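Peer 1: Encoded as structure tokens, here's the structure I'll be asking about.
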Amino acid sequence: MAIKGHPGRTPPSVREIADYLLLQSHSAVGLVDRAEAAGVVRRRPDATDARIVRVELTERGDRLVTQLTEAHLVEMFKLAEALGSLLPEWWTASPPARRQQAAGGARA
């Protein structure tokens, strides 16, 4: 996700991935090593600075991220439904109606 969500046209560097994931650089290197061994990412040198290594998703990695995103969205909607049933009825009303009902409830 850190790679797919990276802004701009240039893939993220290992350092940027570490920053996104709140990891130390050496931990991100290990993560990239394992992802590369699994065939979901590839490293490539930066076009302008040989000290920087960029990490991009392979086709397989892109498909996997897309599938995982879809699966997670389905589960999040299920969770939202389950949590929604626990909320008071006024909470699920439109925001203006919710404010009106909350104000009315505060006066009562």
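Labels for the structure tokens follow display order: chains A, B, ..., residues from 1 in each chain, ligands from 1.
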Which residues in segment 14-98 of chain A does DSSP call helix (DSSP H, G or I)? List them as a ChimeraX atom specification.
Peer 2: /A:14-20,25-37,59-84,89-92,95-98
Peer 1: Would you put the residues from that selection into a file with N, CA and C atoms, as a short mmCIF file (atom, residue, chain, number, x, y, z; two decimals), in the first residue's frame?
Peer 2:
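Wrote it out as selection10.cif, contents follow:
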```cif
data_model
loop_
_atom_site.label_atom_id
_atom_site.label_comp_id
_atom_site.auth_asym_id
_atom_site.auth_seq_id
_atom_site.Cartn_x
_atom_site.Cartn_y
_atom_site.Cartn_z
N VAL A 14 13.30 3.34 -0.69
CA VAL A 14 13.21 2.50 0.52
C VAL A 14 13.04 3.41 1.74
N ARG A 15 13.74 4.53 1.76
CA ARG A 15 13.63 5.48 2.88
C ARG A 15 12.19 6.00 3.01
N GLU A 16 11.57 6.33 1.89
CA GLU A 16 10.19 6.83 1.93
C GLU A 16 9.24 5.74 2.42
N ILE A 17 9.46 4.52 1.98
CA ILE A 17 8.63 3.40 2.46
C ILE A 17 8.78 3.26 3.97
N ALA A 18 10.01 3.36 4.45
CA ALA A 18 10.25 3.28 5.89
C ALA A 18 9.48 4.39 6.62
N ASP A 19 9.52 5.59 6.07
CA ASP A 19 8.81 6.71 6.70
C ASP A 19 7.30 6.46 6.72
N TYR A 20 6.74 5.99 5.59
CA TYR A 20 5.30 5.74 5.52
C TYR A 20 4.87 4.70 6.55
N SER A 25 15.09 2.28 8.64
CA SER A 25 15.46 1.93 7.25
C SER A 25 15.82 0.46 7.10
N HIS A 26 16.58 -0.09 8.06
CA HIS A 26 17.00 -1.48 7.92
C HIS A 26 15.81 -2.44 7.98
N SER A 27 14.76 -2.06 8.72
CA SER A 27 13.56 -2.89 8.76
C SER A 27 12.82 -2.84 7.43
N ALA A 28 12.78 -1.66 6.83
CA ALA A 28 12.14 -1.52 5.52
C ALA A 28 12.92 -2.29 4.46
N VAL A 29 14.24 -2.29 4.57
CA VAL A 29 15.07 -3.06 3.62
C VAL A 29 14.71 -4.54 3.72
N GLY A 30 14.57 -5.06 4.93
CA GLY A 30 14.18 -6.45 5.12
C GLY A 30 12.81 -6.75 4.55
N LEU A 31 11.88 -5.82 4.73
CA LEU A 31 10.54 -5.98 4.19
C LEU A 31 10.57 -6.00 2.66
N VAL A 32 11.34 -5.09 2.08
CA VAL A 32 11.47 -5.04 0.61
C VAL A 32 12.17 -6.30 0.11
N ASP A 33 13.19 -6.77 0.84
CA ASP A 33 13.86 -8.02 0.45
C ASP A 33 12.86 -9.17 0.35
N ARG A 34 12.01 -9.31 1.36
CA ARG A 34 11.03 -10.40 1.38
C ARG A 34 9.98 -10.22 0.28
N ALA A 35 9.54 -9.00 0.08
CA ALA A 35 8.55 -8.73 -0.98
C ALA A 35 9.15 -9.00 -2.36
N GLU A 36 10.40 -8.67 -2.52
CA GLU A 36 11.07 -8.92 -3.81
C GLU A 36 11.23 -10.42 -4.03
N ALA A 37 11.59 -11.15 -2.99
CA ALA A 37 11.72 -12.60 -3.10
C ALA A 37 10.38 -13.25 -3.44
N GLU A 59 3.59 -6.57 -11.72
CA GLU A 59 2.19 -6.81 -12.10
C GLU A 59 1.50 -7.68 -11.06
N ARG A 60 2.22 -8.70 -10.62
CA ARG A 60 1.67 -9.59 -9.59
C ARG A 60 1.38 -8.82 -8.31
N GLY A 61 2.31 -7.96 -7.91
CA GLY A 61 2.12 -7.16 -6.70
C GLY A 61 0.95 -6.20 -6.82
N ASP A 62 0.80 -5.61 -7.98
CA ASP A 62 -0.32 -4.69 -8.21
C ASP A 62 -1.66 -5.42 -8.11
N ARG A 63 -1.72 -6.61 -8.71
CA ARG A 63 -2.95 -7.41 -8.63
C ARG A 63 -3.25 -7.78 -7.18
N LEU A 64 -2.22 -8.17 -6.45
CA LEU A 64 -2.40 -8.57 -5.05
C LEU A 64 -2.90 -7.40 -4.21
N VAL A 65 -2.33 -6.23 -4.37
CA VAL A 65 -2.77 -5.06 -3.61
C VAL A 65 -4.22 -4.72 -3.95
N THR A 66 -4.58 -4.81 -5.21
CA THR A 66 -5.96 -4.55 -5.63
C THR A 66 -6.91 -5.55 -4.99
N GLN A 67 -6.56 -6.83 -5.02
CA GLN A 67 -7.42 -7.86 -4.42
C GLN A 67 -7.56 -7.66 -2.91
N LEU A 68 -6.46 -7.35 -2.25
CA LEU A 68 -6.51 -7.12 -0.81
C LEU A 68 -7.35 -5.89 -0.47
N THR A 69 -7.22 -4.85 -1.26
CA THR A 69 -8.00 -3.64 -1.03
C THR A 69 -9.49 -3.94 -1.15
N GLU A 70 -9.87 -4.66 -2.18
CA GLU A 70 -11.28 -5.02 -2.37
C GLU A 70 -11.78 -5.86 -1.20
N ALA A 71 -11.00 -6.83 -0.78
CA ALA A 71 -11.41 -7.69 0.34
C ALA A 71 -11.54 -6.89 1.63
N HIS A 72 -10.61 -5.96 1.87
CA HIS A 72 -10.67 -5.15 3.08
C HIS A 72 -11.87 -4.21 3.05
N LEU A 73 -12.19 -3.66 1.89
CA LEU A 73 -13.36 -2.79 1.80
C LEU A 73 -14.64 -3.55 2.12
N VAL A 74 -14.76 -4.76 1.61
CA VAL A 74 -15.94 -5.59 1.92
C VAL A 74 -16.05 -5.78 3.43
N GLU A 75 -14.95 -6.11 4.08
CA GLU A 75 -14.97 -6.34 5.52
C GLU A 75 -15.27 -5.05 6.28
N MET A 76 -14.75 -3.92 5.81
CA MET A 76 -15.02 -2.65 6.48
C MET A 76 -16.50 -2.28 6.39
N PHE A 77 -17.13 -2.54 5.25
CA PHE A 77 -18.56 -2.27 5.12
C PHE A 77 -19.37 -3.19 6.03
N LYS A 78 -18.96 -4.45 6.15
CA LYS A 78 -19.63 -5.35 7.08
C LYS A 78 -19.51 -4.84 8.51
N LEU A 79 -18.32 -4.40 8.86
CA LEU A 79 -18.08 -3.88 10.20
C LEU A 79 -18.90 -2.61 10.44
N ALA A 80 -18.98 -1.75 9.44
CA ALA A 80 -19.76 -0.52 9.58
C ALA A 80 -21.23 -0.86 9.82
N GLU A 81 -21.75 -1.86 9.11
CA GLU A 81 -23.14 -2.28 9.33
C GLU A 81 -23.34 -2.78 10.75
N ALA A 82 -22.41 -3.63 11.20
CA ALA A 82 -22.53 -4.18 12.55
C ALA A 82 -22.43 -3.08 13.60
N LEU A 83 -21.53 -2.17 13.43
CA LEU A 83 -21.38 -1.08 14.39
C LEU A 83 -22.57 -0.12 14.33
N GLY A 84 -23.07 0.09 13.11
CA GLY A 84 -24.22 0.98 12.93
C GLY A 84 -25.44 0.49 13.70
N GLU A 89 -30.61 5.46 17.08
CA GLU A 89 -31.24 5.78 15.79
C GLU A 89 -30.88 7.19 15.32
N TRP A 90 -30.82 8.15 16.24
CA TRP A 90 -30.54 9.53 15.83
C TRP A 90 -29.15 9.67 15.22
N TRP A 91 -28.23 8.79 15.58
CA TRP A 91 -26.85 8.88 15.06
C TRP A 91 -26.81 8.56 13.57
N THR A 92 -27.67 7.68 13.11
CA THR A 92 -27.66 7.28 11.70
C THR A 92 -28.48 8.22 10.83
N PRO A 95 -26.80 14.44 8.95
CA PRO A 95 -26.16 15.37 9.89
C PRO A 95 -27.07 16.50 10.37
N PRO A 96 -27.85 17.18 9.50
CA PRO A 96 -28.74 18.23 10.03
C PRO A 96 -29.78 17.67 11.00
N ALA A 97 -30.36 16.52 10.65
CA ALA A 97 -31.35 15.91 11.54
C ALA A 97 -30.70 15.48 12.84
N ARG A 98 -29.48 14.98 12.75
CA ARG A 98 -28.76 14.54 13.95
C ARG A 98 -28.51 15.73 14.88
#
```
Peer 1: For a test of reading the model, state the distance in Å between atom CA of Glu56 of chain A and atom CA of Gly39 of chain A, rounded to one decimal.
Peer 2: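 If I compute the distance from atom CA of Glu56 of chain A to atom CA of Gly39 of chain A, I get 11.0 Å.
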Peer 1: What parts of chain A does DSSP call strand (DSSP E or B)? I'd like the answer as an MDAnalysis selection string.
Peer 2: chainID A and resid 13 41:45 53:57
Peer 1: Kindly indicate which residue among A:Ser13, A:Arg99, A:Leu86, A:Leu23 lies nearest to Ala50 of chain A, using only C-alpha atoms for the distances.
Peer 2: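 The shortest atom-to-atom distance to Ala50 of chain A comes from A:Ser13.
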Peer 1: I want to know what sits within 10 Å of Thr10 of chain A, based on only C-alpha atoms, with residues of the same chain fewer than 5 positions away left out; could you give that as a PDB file with C-alpha atoms, in the first residue's frame?
Peer 2:
```
ATOM      1  CA  ASP A  46      16.874   6.251  -9.293  1.00  0.00           C
ATOM      2  CA  ALA A  47      17.273   7.951 -12.673  1.00  0.00           C
ATOM      3  CA  ARG A  54      13.282   3.000  -5.946  1.00  0.00           C
ATOM      4  CA  VAL A  55      10.780   0.223  -5.254  1.00  0.00           C
ATOM      5  CA  GLU A  56       7.878  -0.504  -7.583  1.00  0.00           C
TER       6      GLU A  56
END
```
Peer 1: For atom CA of Leu21 of chain A and atom CA of His6 of chain A, quote the distance in Å rounded to one decimal.
Peer 2: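 One can read the atom CA of Leu21 of chain A to atom CA of His6 of chain A distance as 11.9 Å.
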